[in-house]
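Data block below; observations after.
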Amino acid sequence: MSQSTVVTTAPEPKLWAGGRSPFNVSYGKMMIWFFLLSDALTFGALLIAYGTTRFFSTVWPDPNQVFKSFPFMGESNLPLLFVSLMTFILIMSSVTMVLAVHAGHYGDKKNVAKWLLWTIIGGICFLACQAWEWTHLHGECISAWSADPAQITHGLWGSYTDVHIPVNEFRHFFSPHSEAVQHVLNNDPLTAMQATHNFFNYFFTITGFHGGHVTSGVIFNILILVNTVNGVYERRGHYEMIEKIGLYWHFVDLVWVFVFTCFYLL
Amino acid sequence: MSSHAQSNNIQHLYEGDQSKLYSGVMSHHSDVASPESKSQVKKIWKVFWILLVITLAEVVVGMLFSYSLPGWAKAIFFLSLTILKAGYIVSVFMHLGDEFKGFIATVLIPLFLFVWFIIAFLADGGFWLRMNDQSPARQTIQHVAK
């Protein structure tokens, strides 16, 4: 059955009278929306926990200092540039996904496959950027204040748990422009250390959880690309699966919009 | 896929592929080169440019004014642009704007829990800062701030 055979003969009744889905959506599509709703609550809980911790901290690392690096640019001060690139990649992959969904509405198999492939490439690029950023930040956290490598137990993925860590190990994450922040670093370094610890724990947890979503999104996209190319959806008569995975993919983009604001801008 | 609003025999549709139960708003098109299709693609790209411009505006403000603007002004600026971006993604990219009003409400209303979450938890954070932080450095800050 092809999509072109459909002709709606009579206007649909305004109120639901049975015999069809009341919201005009299939079971699967409604359920993916409800799943995304629950996932939104999970991400929301993580971000609100981050906000609460930030609100009860005297000082907080400055995103313009933490995220100022760009691959192959050495020590250049380029705040926000790299994350802008990541955001651009993810928005772009959202566009290619919606174009795949659009092609699916018209049963255009070739374009569905093409745009899905671009979406997968975008997702992999984003993950590669995140891998670089994680590695880089991990490296920023461990530096050799102790000559003995066995003693470098601090700063692993930003976990500062040793009270003997010198303040210069985490000073570079804070704003050099604020007199008040510098006061805390000089007079109460443990408060600043605790804030650094909390900041990185939330950062790696939340971006990691988001990265996990991107990873599974890429896997789903690969699965539906294989199905599309094999003609599974063509035989089924509709490309609704592209729509459902597309909803998931846009949701991942949506979460990144909020992560971007909370961690990099505010 | 067909519309089943007028079908007399729908029982078989409840078994197996349930997606046939709906006559989706966007599912009965055939001509990908039609003006309707082209205007939809145009809209997608328009939203892409809007999202890009908003993001660039955020980045420029974040780079140039992050030390000069007061915290509350940054929060209002960035959060309102974030909500605007989220609105475009959900309504156009996720096609929620094309669904039935009842379905839109079903998805969006639970999210209003966040209004309470955010107010309650951030207020709690602020409260604990006031209660807990009696450190000498904090008092120095308050002194410096004055």
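Chain identifiers are assigned as A, B, and so on, following the order in which chains appear in the structure tokens; residues are numbered from 1 within each chain, and ligands are numbered from 1 in order of appearance.
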Let's see if you can do this: from backbone DSSP, list all alpha helix (DSSP H) residues in range 43-233 of chain A, as a ChimeraX atom specification. /A:43-55,63-66,81-105,109-141,179-187,189-229,232-233
Taking only C-alpha atoms into account, find every residue of chain A that has an atom no more than 6 Å from chain B, and write it out as a PyMOL selection string. chain A and resi 3-4+6+20-21+23-26+52+55-56+98+105-106+180+184+187-188+247+265
Using only N, CA and C atoms, please write the residues we just selected to a file, as a compact mmCIF listing (two decimals), in the first residue's frame.
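Writing done, so here's selection_34.txt:
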# COMPACT_ATOMS: atom_id res chain seq x y z
N GLN A 3 1.54 5.45 -0.03
CA GLN A 3 0.92 6.60 0.64
C GLN A 3 0.05 7.41 -0.31
N SER A 4 0.29 7.22 -1.61
CA SER A 4 -0.41 8.08 -2.56
C SER A 4 -1.87 7.66 -2.77
N VAL A 6 -4.13 7.49 -0.63
CA VAL A 6 -5.04 7.98 0.39
C VAL A 6 -5.87 9.15 -0.09
N ARG A 20 -10.76 5.77 15.82
CA ARG A 20 -9.43 6.24 15.42
C ARG A 20 -8.75 6.81 16.66
N SER A 21 -7.47 7.06 16.52
CA SER A 21 -6.73 7.61 17.64
C SER A 21 -7.25 9.01 17.98
N PHE A 23 -6.01 11.56 19.43
CA PHE A 23 -5.09 12.66 19.14
C PHE A 23 -4.51 12.55 17.74
N ASN A 24 -5.03 11.60 16.96
CA ASN A 24 -4.53 11.43 15.60
C ASN A 24 -3.06 11.05 15.56
N VAL A 25 -2.56 10.45 16.64
CA VAL A 25 -1.19 9.94 16.61
C VAL A 25 -1.22 8.45 16.91
N SER A 26 -0.25 7.75 16.38
CA SER A 26 -0.19 6.32 16.62
C SER A 26 0.30 6.06 18.05
N THR A 52 21.10 24.30 42.11
CA THR A 52 21.03 24.41 43.57
C THR A 52 22.43 24.47 44.17
N PHE A 55 23.97 27.72 43.54
CA PHE A 55 23.41 28.79 44.37
C PHE A 55 23.93 28.73 45.79
N PHE A 56 24.26 27.54 46.30
CA PHE A 56 24.78 27.56 47.66
C PHE A 56 26.30 27.58 47.73
N VAL A 98 15.44 16.35 10.42
CA VAL A 98 14.09 16.77 10.08
C VAL A 98 13.88 16.67 8.56
N HIS A 105 7.91 11.40 4.94
CA HIS A 105 6.49 11.70 4.74
C HIS A 105 6.07 11.52 3.29
N TYR A 106 7.05 11.71 2.38
CA TYR A 106 6.74 11.59 0.96
C TYR A 106 7.19 10.25 0.40
N ALA A 180 36.42 39.81 44.50
CA ALA A 180 35.81 38.97 45.52
C ALA A 180 36.22 37.51 45.36
N VAL A 184 38.51 34.93 47.93
CA VAL A 184 38.20 33.59 48.42
C VAL A 184 39.34 32.63 48.11
N ASN A 187 42.11 33.46 50.61
CA ASN A 187 41.87 33.32 52.04
C ASN A 187 41.15 32.04 52.42
N ASP A 188 40.38 31.47 51.51
CA ASP A 188 39.61 30.28 51.84
C ASP A 188 39.65 29.32 50.65
N LEU A 247 12.20 12.23 16.59
CA LEU A 247 11.77 12.92 17.81
C LEU A 247 12.84 12.78 18.90
N LEU A 265 27.21 29.41 29.28
CA LEU A 265 26.85 30.82 29.14
C LEU A 265 26.64 31.50 30.49
Show me, as a ChimeraX atom specification, the residues that have an atom within 12 Å of Glu133 in chain A when counting only C-alpha atoms, minus same-chain residues fewer than 2 positions from it. /A:66-71,80-83,85-86,126-131,135-140,157,203-204,207-208,211
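Compared by their closest atoms to Thr215 in chain A, and using only C-alpha atoms, the residues A:Trp249, A:Tyr233, A:Phe200, A:Phe34 rank with A:Trp249 nearest.
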At what distance in Å, to one decimal, does CA of Ile121 in chain A lie from CA of Gly237 in chain A? 26.9 Å
Within 10 Å of Phe220 in chain A, counting only C-alpha atoms, which residues show up once you throw out same-chain ones fewer than 5 positions away? Write them as a PyMOL selection string, please. chain A and resi 120+214-215+225-226+242+245-246+248-249
So, with only C-alpha atoms as the atoms that count, which of A:Val59, A:Met92, A:Val112, A:Ile219 lies closest to His183 in chain A?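 Closest to His183 in chain A, using only C-alpha atoms: A:Val59.
CA of Thr261 in chain A lies 11.8 Å from CA of Gly51 in chain A.
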Contacts of Ile222 in chain A within 9 Å, only C-alpha atoms, excl. fewer than 4 positions in-chain, as a ChimeraX atom specification: /A:116-117,120,217-218,226-227
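Pairwise distance (CA of Val259 in chain A, CA of Thr87 in chain A) equals 10.2 Å.
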